[in-house]
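Student: Sending over protein-v6.cif (mmCIF, C-alpha atoms).
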data_structure
#
loop_
_atom_site.label_atom_id
_atom_site.label_comp_id
_atom_site.auth_asym_id
_atom_site.auth_seq_id
_atom_site.Cartn_x
_atom_site.Cartn_y
_atom_site.Cartn_z
CA MET L 229 0.00 0.00 0.00
CA SER L 230 1.05 3.60 -0.61
CA ALA L 231 0.50 6.80 1.36
CA TYR L 232 -2.86 8.27 0.39
CA ILE L 233 -2.89 11.02 3.03
CA THR L 234 0.26 12.77 4.24
CA VAL L 235 0.22 15.21 7.16
CA ASP L 236 3.54 17.08 7.32
CA ASN L 237 4.31 19.17 10.44
CA LEU L 238 0.71 20.43 10.56
CA THR L 239 -0.10 23.34 12.87
CA PHE L 240 -3.55 24.90 13.25
CA ASP L 241 -4.60 27.88 15.36
CA TYR L 242 -8.02 29.25 16.17
CA LEU L 243 -7.86 33.02 15.72
CA LYS L 244 -9.68 36.13 16.85
CA PRO L 245 -11.17 38.34 14.10
CA ASP L 246 -8.04 40.51 14.27
CA GLY L 247 -5.83 37.51 13.53
CA VAL L 248 -4.50 37.05 17.06
CA THR L 249 -4.17 33.40 18.08
CA ILE L 250 -6.71 32.26 20.67
CA ARG L 251 -5.48 28.71 20.97
CA ARG L 252 -3.11 26.37 19.17
CA VAL L 253 -5.17 23.25 18.56
CA ILE L 254 -2.73 21.21 16.46
CA ASP L 255 0.98 21.53 17.12
CA GLY L 256 3.40 20.06 14.58
CA ILE L 257 1.75 16.74 13.72
CA SER L 258 3.21 14.45 11.05
CA PHE L 259 1.93 11.05 9.89
CA SER L 260 0.64 9.28 6.80
CA VAL L 261 -2.36 7.08 6.03
CA GLU L 262 -2.02 4.28 3.52
CA LYS L 263 -4.60 3.73 0.81
CA GLY L 264 -7.19 1.15 1.81
CA SER L 265 -6.13 1.15 5.46
CA PHE L 266 -8.20 1.58 8.63
CA THR L 267 -6.81 4.19 11.04
CA ALA L 268 -8.34 5.10 14.39
CA ILE L 269 -7.61 8.43 16.08
CA ILE L 270 -8.15 8.65 19.83
CA GLY L 271 -7.54 11.31 22.46
CA GLN L 272 -9.31 13.11 25.24
CA ASN L 273 -11.78 15.91 24.47
CA GLY L 274 -9.96 18.98 23.16
CA SER L 275 -6.95 17.04 21.92
CA GLY L 276 -7.51 18.24 18.33
CA LYS L 277 -9.00 15.13 16.72
CA SER L 278 -11.92 16.79 14.92
CA THR L 279 -9.81 19.77 13.88
CA LEU L 280 -7.32 17.35 12.37
CA ALA L 281 -10.11 15.65 10.43
CA LYS L 282 -11.31 18.97 9.01
CA ASN L 283 -7.77 19.79 7.89
CA ILE L 284 -7.58 16.48 6.03
CA ASN L 285 -10.92 17.19 4.35
CA ALA L 286 -9.77 20.75 3.49
CA LEU L 287 -12.60 22.28 5.52
CA LEU L 288 -9.82 24.06 7.43
CA LYS L 289 -6.51 25.40 6.16
CA PRO L 290 -3.22 24.83 8.01
CA ALA L 291 -1.57 27.71 9.84
CA SER L 292 1.71 26.06 8.86
CA GLY L 293 2.79 22.70 7.54
CA ARG L 294 0.99 20.87 4.76
CA VAL L 295 -1.59 18.17 4.20
CA PHE L 296 -1.74 16.13 1.00
CA VAL L 297 -4.62 13.94 -0.15
CA ASP L 298 -3.75 11.70 -3.09
CA GLY L 299 -0.92 14.13 -3.82
CA LEU L 300 -3.19 17.21 -3.70
CA ASP L 301 -2.18 20.06 -1.38
CA THR L 302 -5.16 21.06 0.79
CA SER L 303 -3.85 24.65 0.97
CA ASP L 304 -4.32 25.16 -2.77
CA PRO L 305 -7.84 26.56 -3.41
CA GLU L 306 -7.88 24.93 -6.84
CA ASN L 307 -7.71 21.51 -5.17
CA LEU L 308 -10.64 21.91 -2.77
CA TRP L 309 -13.35 20.34 -4.94
CA LYS L 310 -11.07 17.42 -5.88
CA ILE L 311 -10.13 16.78 -2.26
CA ARG L 312 -13.70 16.92 -0.95
CA HIS L 313 -14.78 14.59 -3.73
CA ARG L 314 -12.12 12.12 -2.58
CA VAL L 315 -12.63 12.49 1.17
CA ALA L 316 -16.12 12.37 2.68
CA MET L 317 -17.02 12.97 6.32
CA VAL L 318 -19.66 11.46 8.58
CA PHE L 319 -20.35 13.23 11.87
CA GLN L 320 -21.73 12.10 15.22
CA ASN L 321 -25.33 13.32 14.97
CA PRO L 322 -27.19 11.66 12.07
CA ASP L 323 -30.14 14.05 12.43
CA ASN L 324 -27.85 16.90 11.36
CA GLN L 325 -26.89 15.08 8.17
CA ILE L 326 -30.27 13.95 6.86
CA VAL L 327 -32.02 16.45 4.59
CA SER L 328 -34.85 14.56 2.85
CA ALA L 329 -38.13 12.95 3.92
CA ILE L 330 -37.45 9.65 2.12
CA VAL L 331 -34.34 7.52 2.60
CA GLU L 332 -33.45 7.05 -1.07
CA ASP L 333 -33.96 10.78 -1.76
CA ASP L 334 -31.59 11.61 1.06
CA ILE L 335 -28.89 9.33 -0.32
CA ALA L 336 -29.38 10.80 -3.81
CA PHE L 337 -29.06 14.39 -2.53
CA GLY L 338 -25.27 14.64 -2.84
CA PRO L 339 -24.92 13.15 -6.34
CA GLU L 340 -27.83 15.28 -7.56
CA ASN L 341 -26.01 18.41 -6.41
CA LEU L 342 -22.95 17.28 -8.36
CA GLY L 343 -25.03 17.02 -11.51
CA VAL L 344 -24.69 13.24 -11.79
CA PRO L 345 -27.04 11.79 -14.46
CA ALA L 346 -30.28 10.28 -13.14
CA GLU L 347 -29.50 6.71 -14.18
CA GLU L 348 -26.11 6.84 -12.46
CA ILE L 349 -27.72 8.30 -9.33
CA ARG L 350 -30.08 5.32 -9.17
CA GLU L 351 -27.10 2.97 -9.45
CA ARG L 352 -25.20 4.85 -6.75
CA VAL L 353 -28.19 4.82 -4.39
CA ALA L 354 -28.65 1.07 -4.88
CA PHE L 355 -24.96 0.44 -4.28
CA ALA L 356 -24.90 2.62 -1.15
CA LEU L 357 -28.02 0.98 0.32
CA ASP L 358 -26.45 -2.43 -0.26
CA ALA L 359 -23.19 -1.29 1.35
CA VAL L 360 -24.96 -0.37 4.60
CA GLU L 361 -27.54 -3.19 4.36
CA MET L 362 -30.54 -0.84 4.32
CA GLU L 363 -32.17 -1.81 1.00
CA GLU L 364 -35.53 -2.61 2.62
CA TYR L 365 -35.74 0.91 4.08
CA ARG L 366 -35.26 2.86 0.85
CA LYS L 367 -38.87 4.17 0.82
CA LYS L 368 -39.04 4.81 4.57
CA ALA L 369 -39.02 8.18 6.32
CA PRO L 370 -35.65 8.69 8.07
CA HIS L 371 -37.28 10.13 11.20
CA LEU L 372 -38.97 6.76 11.80
CA LEU L 373 -35.65 4.91 11.94
CA SER L 374 -33.50 4.11 14.96
CA GLY L 375 -30.35 6.12 15.69
CA GLY L 376 -28.12 3.39 14.30
CA GLN L 377 -30.22 3.10 11.15
CA LYS L 378 -30.13 6.88 10.65
CA GLN L 379 -26.36 6.84 10.93
CA ARG L 380 -26.19 4.04 8.37
CA ILE L 381 -28.25 6.22 6.02
CA ALA L 382 -25.84 9.12 6.62
CA ILE L 383 -22.98 6.77 5.74
CA ALA L 384 -24.85 5.65 2.62
CA GLY L 385 -25.12 9.30 1.60
CA ALA L 386 -21.33 9.59 1.86
CA VAL L 387 -20.81 6.34 -0.06
CA ALA L 388 -23.07 7.60 -2.89
CA MET L 389 -20.61 10.44 -3.45
CA GLU L 390 -18.07 7.75 -4.43
CA PRO L 391 -15.21 8.98 -2.22
CA GLU L 392 -11.93 7.11 -1.89
CA CYS L 393 -11.78 7.85 1.85
CA ILE L 394 -14.36 8.41 4.57
CA ILE L 395 -13.56 10.13 7.86
CA PHE L 396 -15.94 9.13 10.64
CA ASP L 397 -15.94 11.77 13.41
CA GLU L 398 -17.31 9.95 16.47
CA PRO L 399 -20.16 8.39 14.46
CA THR L 400 -21.35 6.21 17.36
CA ALA L 401 -21.17 8.81 20.14
CA MET L 402 -24.95 9.34 20.27
CA LEU L 403 -25.99 5.73 19.74
CA ASP L 404 -26.99 2.91 22.04
CA PRO L 405 -24.87 -0.31 22.08
CA ARG L 406 -26.94 -1.93 19.33
CA GLY L 407 -26.64 1.14 17.10
CA ARG L 408 -22.90 1.28 17.74
CA ARG L 409 -22.49 -2.34 16.65
CA GLU L 410 -24.52 -1.68 13.48
CA VAL L 411 -22.39 1.30 12.51
CA MET L 412 -19.09 -0.42 13.28
CA ASP L 413 -20.18 -3.39 11.16
CA VAL L 414 -20.77 -1.00 8.26
CA ILE L 415 -17.42 0.75 8.77
CA ARG L 416 -15.55 -2.56 8.72
CA ARG L 417 -17.49 -3.71 5.67
CA LEU L 418 -16.59 -0.54 3.76
CA ASN L 419 -12.95 -0.90 4.71
CA ARG L 420 -12.94 -4.48 3.44
CA ARG L 421 -14.08 -3.00 0.11
CA ASN L 422 -10.79 -1.03 0.10
CA MET L 423 -12.30 2.23 1.39
CA THR L 424 -9.58 4.22 3.15
CA THR L 425 -11.08 4.67 6.60
CA ILE L 426 -10.30 7.11 9.41
CA LEU L 427 -12.31 6.68 12.61
CA ILE L 428 -12.27 9.27 15.38
CA THR L 429 -13.64 7.65 18.50
CA HIS L 430 -13.55 7.72 22.28
CA PHE L 431 -14.58 4.06 22.49
CA MET L 432 -11.37 2.07 22.86
CA GLU L 433 -13.00 -1.18 21.75
CA GLU L 434 -13.77 0.51 18.40
CA ALA L 435 -10.19 1.74 18.01
CA ALA L 436 -8.98 -1.81 18.65
CA GLN L 437 -10.64 -2.89 15.38
CA ALA L 438 -8.44 -0.62 13.25
CA ASP L 439 -5.16 -1.50 11.52
CA ARG L 440 -3.42 1.39 13.23
CA VAL L 441 -4.12 3.74 16.13
CA ILE L 442 -2.98 7.36 16.48
CA VAL L 443 -3.11 8.84 19.98
CA MET L 444 -3.38 12.63 20.29
CA ASN L 445 -2.76 14.72 23.39
CA ASN L 446 -2.90 18.53 23.64
CA GLY L 447 -2.70 18.93 19.88
CA ARG L 448 0.32 16.66 19.46
CA LEU L 449 0.81 13.13 18.24
CA HIS L 450 1.46 11.27 21.49
CA MET L 451 1.97 7.77 20.11
CA GLU L 452 1.03 5.59 17.16
CA GLY L 453 1.13 1.91 16.29
CA THR L 454 -1.00 -1.18 15.86
CA PRO L 455 -3.79 -1.71 18.39
CA GLU L 456 -1.67 -4.41 20.01
CA GLU L 457 1.27 -2.01 20.40
CA ILE L 458 -0.87 0.86 21.71
CA PHE L 459 -3.02 -1.01 24.20
CA ARG L 460 -0.04 -2.76 25.75
CA ARG L 461 1.04 0.72 26.90
CA ARG L 462 -1.79 0.80 29.39
CA GLU L 463 -0.10 3.05 31.95
CA GLU L 464 0.98 5.60 29.30
CA LEU L 465 -2.60 5.83 28.08
CA LYS L 466 -3.82 6.44 31.62
CA GLU L 467 -1.37 9.37 31.87
CA VAL L 468 -3.26 11.11 29.04
CA SER L 469 -6.70 10.26 30.50
CA LEU L 470 -7.38 7.35 28.15
CA GLY L 471 -8.29 3.78 28.94
CA VAL L 472 -8.06 0.46 27.15
CA PRO L 473 -10.79 -1.81 25.76
CA PRO L 474 -12.73 -3.65 28.50
CA SER L 475 -11.35 -7.00 27.33
CA VAL L 476 -7.78 -5.66 27.67
CA GLU L 477 -8.53 -4.38 31.17
CA LEU L 478 -10.02 -7.76 32.11
CA ALA L 479 -6.96 -9.57 30.75
CA HIS L 480 -4.75 -7.26 32.84
CA LEU L 481 -6.74 -8.05 36.00
CA LEU L 482 -6.49 -11.78 35.27
CA ARG L 483 -2.71 -11.51 34.92
CA GLN L 484 -2.58 -9.78 38.30
CA ARG L 485 -4.30 -12.86 39.72
CA GLY L 486 -1.71 -15.18 38.20
CA ILE L 487 -3.53 -16.21 35.02
CA ALA L 488 -1.02 -15.92 32.17
CA VAL L 489 -3.26 -14.36 29.52
CA PRO L 490 -1.20 -13.59 26.37
CA GLU L 491 -0.56 -9.91 25.64
CA ASP L 492 -2.13 -10.19 22.19
CA CYS L 493 -5.59 -11.07 23.59
CA LEU L 494 -7.16 -7.71 22.75
CA TYR L 495 -10.65 -8.71 21.70
CA PRO L 496 -13.48 -10.30 23.71
CA ASP L 497 -13.74 -13.35 21.43
CA GLU L 498 -9.96 -13.94 21.59
CA LEU L 499 -9.96 -13.69 25.39
CA ALA L 500 -13.00 -15.96 25.69
CA ARG L 501 -11.45 -18.53 23.34
CA TRP L 502 -8.15 -18.52 25.24
CA LEU L 503 -9.90 -18.92 28.60
CA LYS L 504 -12.05 -21.74 27.23
CA GLU L 505 -9.04 -23.55 25.80
CA ASN L 506 -6.94 -23.19 28.94
CA TYR L 507 -9.39 -23.06 31.84
CA ALA L 508 -12.62 -24.70 30.74
CA ASP L 509 -13.84 -27.53 32.97
CA PRO L 510 -13.30 -30.73 30.90
CA CYS L 511 -16.44 -32.15 32.47
#
Could you express the structure from this file as structure tokens?

Tutor:
Amino acid sequence: MSAYITVDNLTFDYLKPDGVTIRRVIDGISFSVEKGSFTAIIGQNGSGKSTLAKNINALLKPASGRVFVDGLDTSDPENLWKIRHRVAMVFQNPDNQIVSAIVEDDIAFGPENLGVPAEEIRERVAFALDAVEMEEYRKKAPHLLSGGQKQRIAIAGAVAMEPECIIFDEPTAMLDPRGRREVMDVIRRLNRRNMTTILITHFMEEAAQADRVIVMNNGRLHMEGTPEEIFRRREELKEVSLGVPPSVELAHLLRQRGIAVPEDCLYPDELARWLKENYADPC
């Protein structure tokens, strides 16, 4: 895989109307995202996660440093349409993203505004509904759907724009556990279809499903690595007010009680399987 997104010494400041800096939100961050990969970004509130996402999508312009999407510099005004066509965003409140009274009309809204021919719009809507497994709801009113279903429709609207990357900015924050599972299933399914995926989340068990995790703290890149590498650094995460997935915490407590759970047991099914294989009653 090759770098699809490159963030090079990015700095971003929020300014007063007179140009005086109020607060430095991002402070010299550098990293890259490979095409087709799944990257999770975690950090406490105010660490700069959402501001970073908006810089990648070219909704915000760097104070210094550069961001490239598929080789396009986000600071160049001539690249804005191309970048936003390549990188879609899905936010945490689905009600703020739904604009039509019928599901399929809502999904068609973006392509229609791009002037996509009607026949192609129908194909895109069908593809997007299939991608989020909501075909049976195409004629329904969005306000009658559950929170998780609404968020899946918001994701379908992004998919219909045919982006190469989708940034999910805390898409499960307002959902119940069932809705969260539905949305995470969709995110993983899209990534398996080679959609470059960036997930901003404060749920550690969601971050554990990514290929790579970036940890932000006070506008800086605090650490990065695979989920296994990051969640082994349990004490360092606690220092920046972050936790670990519940299954990782349980494995840690079991080790304290003398049960030699392997360090790579990050996920509930892995931990359950290991415990069954090693501690199940043979009777």

Student: Which is closest to L:Asp255 among L:Ile233, L:Met423, L:Val468, L:Leu449, if we use only C-alpha atoms?

Tutor: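 Among L:Ile233, L:Met423, L:Val468, L:Leu449, it is L:Leu449 that comes nearest to L:Asp255.
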
Student: So that I can see what lies close to L:Arg448, please list as a list of chain:residue names the residues with an atom at most 8 Å from it, counting all atoms listed in the file and leaving out residues fewer than 2 positions away in the same chain.

Tutor: L:Ile254, L:Asp255, L:Gly256, L:Ile257, L:Ser275, L:Met444, L:Asn445, L:Asn446, L:His450

Student: Between atom CA of L:Ile269 and atom CA of L:Lys466, what is the distance in Å, rounded to a tenth?

Tutor: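 Separation of atom CA of L:Ile269 and atom CA of L:Lys466: 16.1 Å.
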
Student: When you draw a straight line from atom CA of L:Val318 to atom CA of L:Gly385, how long is it in Å?

Tutor: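 Going from atom CA of L:Val318 over to atom CA of L:Gly385, I get 9.1 Å.
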
Student: Could you expand the PyMOL selection byres ((chain L and resi 301) around 12) into the explicit residues it covers here, written as a PDB file with C-alpha atoms, in the coordinates of the input?

Tutor:
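As a result, expr_25.pdb now contains:
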ATOM      1  CA  TYR L 232      -2.860   8.270   0.390  1.00  0.00           C
ATOM      2  CA  ILE L 233      -2.890  11.020   3.030  1.00  0.00           C
ATOM      3  CA  THR L 234       0.260  12.770   4.240  1.00  0.00           C
ATOM      4  CA  VAL L 235       0.220  15.210   7.160  1.00  0.00           C
ATOM      5  CA  ASP L 236       3.540  17.080   7.320  1.00  0.00           C
ATOM      6  CA  ASN L 283      -7.770  19.790   7.890  1.00  0.00           C
ATOM      7  CA  ILE L 284      -7.580  16.480   6.030  1.00  0.00           C
ATOM      8  CA  ASN L 285     -10.920  17.190   4.350  1.00  0.00           C
ATOM      9  CA  ALA L 286      -9.770  20.750   3.490  1.00  0.00           C
ATOM     10  CA  LYS L 289      -6.510  25.400   6.160  1.00  0.00           C
ATOM     11  CA  PRO L 290      -3.220  24.830   8.010  1.00  0.00           C
ATOM     12  CA  GLY L 293       2.790  22.700   7.540  1.00  0.00           C
ATOM     13  CA  ARG L 294       0.990  20.870   4.760  1.00  0.00           C
ATOM     14  CA  VAL L 295      -1.590  18.170   4.200  1.00  0.00           C
ATOM     15  CA  PHE L 296      -1.740  16.130   1.000  1.00  0.00           C
ATOM     16  CA  VAL L 297      -4.620  13.940  -0.150  1.00  0.00           C
ATOM     17  CA  ASP L 298      -3.750  11.700  -3.090  1.00  0.00           C
ATOM     18  CA  GLY L 299      -0.920  14.130  -3.820  1.00  0.00           C
ATOM     19  CA  LEU L 300      -3.190  17.210  -3.700  1.00  0.00           C
ATOM     20  CA  THR L 302      -5.160  21.060   0.790  1.00  0.00           C
ATOM     21  CA  SER L 303      -3.850  24.650   0.970  1.00  0.00           C
ATOM     22  CA  ASP L 304      -4.320  25.160  -2.770  1.00  0.00           C
ATOM     23  CA  PRO L 305      -7.840  26.560  -3.410  1.00  0.00           C
ATOM     24  CA  GLU L 306      -7.880  24.930  -6.840  1.00  0.00           C
ATOM     25  CA  ASN L 307      -7.710  21.510  -5.170  1.00  0.00           C
ATOM     26  CA  LEU L 308     -10.640  21.910  -2.770  1.00  0.00           C
ATOM     27  CA  TRP L 309     -13.350  20.340  -4.940  1.00  0.00           C
ATOM     28  CA  LYS L 310     -11.070  17.420  -5.880  1.00  0.00           C
ATOM     29  CA  ILE L 311     -10.130  16.780  -2.260  1.00  0.00           C
ATOM     30  CA  ARG L 312     -13.700  16.920  -0.950  1.00  0.00           C
TER      31      ARG L 312
END

Student: Any chance you could resolve the PyMOL selection byres ((chain L and resi 413) around 12) against this file and give the residues as a list in words?

Tutor: Ala359, Val360, Glu361, Gly376, Gln377, Gln379, Arg380, Ile383, Thr400, Arg406, Gly407, Arg408, Arg409, Glu410, Val411, Met412, Val414, Ile415, Arg416, Arg417, Leu418, Asn419, Arg420, Glu434 and Gln437 of chain L

Student: Between atom CA of L:Pro339 and atom CA of L:Ala388, what distance in Å does the model show, to one decimal?

Tutor: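 Computing it gives 6.8 Å between the two atoms.
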
Student: Just checking: using only C-alpha atoms, which residue out of L:Gly271, L:Ala336, L:Ser265, L:Asn341 ends up closest to L:Gly447?

Tutor: L:Gly271

Student: For the provided coordinates, the residues matched by the PyMOL selection byres ((chain L and resi 240) around 7) should be stated as an MDAnalysis selection string.

Tutor: chainID L and resid 238:239 241:242 252:255 290:292

Student: Given the choices L:Arg485, L:His430, L:Lys504, L:His371, which gets closest to L:Pro473 if the distance is worked out from only C-alpha atoms?

Tutor: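 Result for the nearest residue to L:Pro473: L:His430.
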
Student: Which neighbours of stretch 324-330 of chain L fall inside 8 Å, counting all atoms listed in the file, when residues of the same chain fewer than 2 positions from it are skipped, and could you give them as a ChimeraX atom specification?

Tutor: /L:319,321-322,332-334,337,366-371,382

Student: Determine the nearest neighbour of L:Ile428 from the options L:Leu503, L:Met451, L:Ile395, L:Ile487, counting all atoms listed in the file.

Tutor: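 Once distances to L:Ile428 are computed over all atoms listed in the file, the minimum belongs to L:Ile395.
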
Student: Can you sort out the box for stretch 430-444 of chain L, edges along x, y and z, all listed atoms in, 3 Å on every side, with centre and edge lengths in Å to one decimal, as lines of an AutoDock Vina configuration file?

Tutor:
center_x = -8.8
center_y = 4.9
center_z = 17.2
size_x = 17.6
size_y = 21.5
size_z = 17.3

Student: Tell me which of L:Pro455, L:Glu433, L:Leu280, L:Ile250 sits closest to L:Asn237, counting only C-alpha atoms.

Tutor: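 When distances to L:Asn237 are compared using only C-alpha atoms, the smallest one comes from L:Leu280.
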
Student: Would you kindly return, as a list in words, each protein, DNA or RNA residue with an atom no farther than 6 Å from any atom of L:Glu398, considering only C-alpha atoms and excluding same-chain residues fewer than 3 positions away?

Tutor: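 Neighbouring residues, sequence-local ones excluded: Gln320, Ala401, Ile428 and Thr429 of chain L.
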
Student: Select, counting all atoms listed in the file, all protein, DNA and RNA residues no farther than 9 Å from (0.3, 4.2, -6.6) in file coordinates, and express the selection as an NGL selection string.

Tutor: :L and (229-232 or 263)

Student: Nearest residue to L:Glu452 out of L:Arg421, L:Val353, L:Ala488, L:Ile270, using all atoms listed in the file?

Tutor: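 Once distances to L:Glu452 are computed over all atoms listed in the file, the minimum belongs to L:Ile270.
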
Student: Would you list the contacts of L:Ala384 as a VMD selection string, taking every protein, DNA or RNA residue within 7 Å and counting all atoms listed in the file, but skipping same-chain residues closer than 5 positions in sequence?

Tutor: chain L and resid 335 356 to 357 360

Student: Keeping only C-alpha atoms, write those residues as an mmCIF file, in the frame of the given file.

Tutor:
data_model
loop_
_atom_site.group_PDB
_atom_site.id
_atom_site.type_symbol
_atom_site.label_atom_id
_atom_site.label_comp_id
_atom_site.auth_asym_id
_atom_site.auth_seq_id
_atom_site.Cartn_x
_atom_site.Cartn_y
_atom_site.Cartn_z
ATOM 1 C CA ILE L 335 -28.890 9.330 -0.320
ATOM 2 C CA ALA L 356 -24.900 2.620 -1.150
ATOM 3 C CA LEU L 357 -28.020 0.980 0.320
ATOM 4 C CA VAL L 360 -24.960 -0.370 4.600
#

Student: Could you write stretch 264-275 of chain L as a PDB file, in the frame of the given file, with N, CA, C and O atoms rebuilt where they are missing?

Tutor:
ATOM      1  N   GLY L 264      -6.499   2.381   1.469  1.00  0.00           N
ATOM      2  CA  GLY L 264      -7.190   1.150   1.810  1.00  0.00           C
ATOM      3  C   GLY L 264      -7.055   0.731   3.259  1.00  0.00           C
ATOM      4  O   GLY L 264      -7.608  -0.299   3.651  1.00  0.00           O
ATOM      5  N   SER L 265      -6.361   1.529   4.071  1.00  0.00           N
ATOM      6  CA  SER L 265      -6.130   1.150   5.460  1.00  0.00           C
ATOM      7  C   SER L 265      -7.265   1.635   6.366  1.00  0.00           C
ATOM      8  O   SER L 265      -8.147   2.378   5.950  1.00  0.00           O
ATOM      9  N   PHE L 266      -7.213   1.209   7.616  1.00  0.00           N
ATOM     10  CA  PHE L 266      -8.200   1.580   8.630  1.00  0.00           C
ATOM     11  C   PHE L 266      -7.424   2.165   9.809  1.00  0.00           C
ATOM     12  O   PHE L 266      -6.740   1.448  10.530  1.00  0.00           O
ATOM     13  N   THR L 267      -7.528   3.486   9.985  1.00  0.00           N
ATOM     14  CA  THR L 267      -6.810   4.190  11.040  1.00  0.00           C
ATOM     15  C   THR L 267      -7.792   4.745  12.050  1.00  0.00           C
ATOM     16  O   THR L 267      -8.772   5.391  11.683  1.00  0.00           O
ATOM     17  N   ALA L 268      -7.541   4.514  13.323  1.00  0.00           N
ATOM     18  CA  ALA L 268      -8.340   5.100  14.390  1.00  0.00           C
ATOM     19  C   ALA L 268      -7.541   6.217  15.052  1.00  0.00           C
ATOM     20  O   ALA L 268      -6.329   6.099  15.239  1.00  0.00           O
ATOM     21  N   ILE L 269      -8.232   7.300  15.381  1.00  0.00           N
ATOM     22  CA  ILE L 269      -7.610   8.430  16.080  1.00  0.00           C
ATOM     23  C   ILE L 269      -8.323   8.595  17.414  1.00  0.00           C
ATOM     24  O   ILE L 269      -9.547   8.768  17.450  1.00  0.00           O
ATOM     25  N   ILE L 270      -7.564   8.524  18.498  1.00  0.00           N
ATOM     26  CA  ILE L 270      -8.150   8.650  19.830  1.00  0.00           C
ATOM     27  C   ILE L 270      -7.442   9.759  20.597  1.00  0.00           C
ATOM     28  O   ILE L 270      -6.331  10.169  20.253  1.00  0.00           O
ATOM     29  N   GLY L 271      -8.088  10.241  21.626  1.00  0.00           N
ATOM     30  CA  GLY L 271      -7.540  11.310  22.460  1.00  0.00           C
ATOM     31  C   GLY L 271      -8.655  11.898  23.291  1.00  0.00           C
ATOM     32  O   GLY L 271      -9.826  11.811  22.919  1.00  0.00           O
ATOM     33  N   GLN L 272      -8.301  12.510  24.390  1.00  0.00           N
ATOM     34  CA  GLN L 272      -9.310  13.110  25.240  1.00  0.00           C
ATOM     35  C   GLN L 272      -9.972  14.299  24.542  1.00  0.00           C
ATOM     36  O   GLN L 272      -9.463  14.798  23.534  1.00  0.00           O
ATOM     37  N   ASN L 273     -11.105  14.752  25.046  1.00  0.00           N
ATOM     38  CA  ASN L 273     -11.780  15.910  24.470  1.00  0.00           C
ATOM     39  C   ASN L 273     -10.839  17.100  24.438  1.00  0.00           C
ATOM     40  O   ASN L 273     -10.134  17.386  25.414  1.00  0.00           O
ATOM     41  N   GLY L 274     -10.830  17.811  23.298  1.00  0.00           N
ATOM     42  CA  GLY L 274      -9.960  18.980  23.160  1.00  0.00           C
ATOM     43  C   GLY L 274      -8.560  18.664  22.698  1.00  0.00           C
ATOM     44  O   GLY L 274      -7.719  19.563  22.618  1.00  0.00           O
ATOM     45  N   SER L 275      -8.305  17.408  22.349  1.00  0.00           N
ATOM     46  CA  SER L 275      -6.950  17.040  21.920  1.00  0.00           C
ATOM     47  C   SER L 275      -6.672  17.396  20.465  1.00  0.00           C
ATOM     48  O   SER L 275      -5.535  17.289  20.004  1.00  0.00           O
TER      49      SER L 275
END
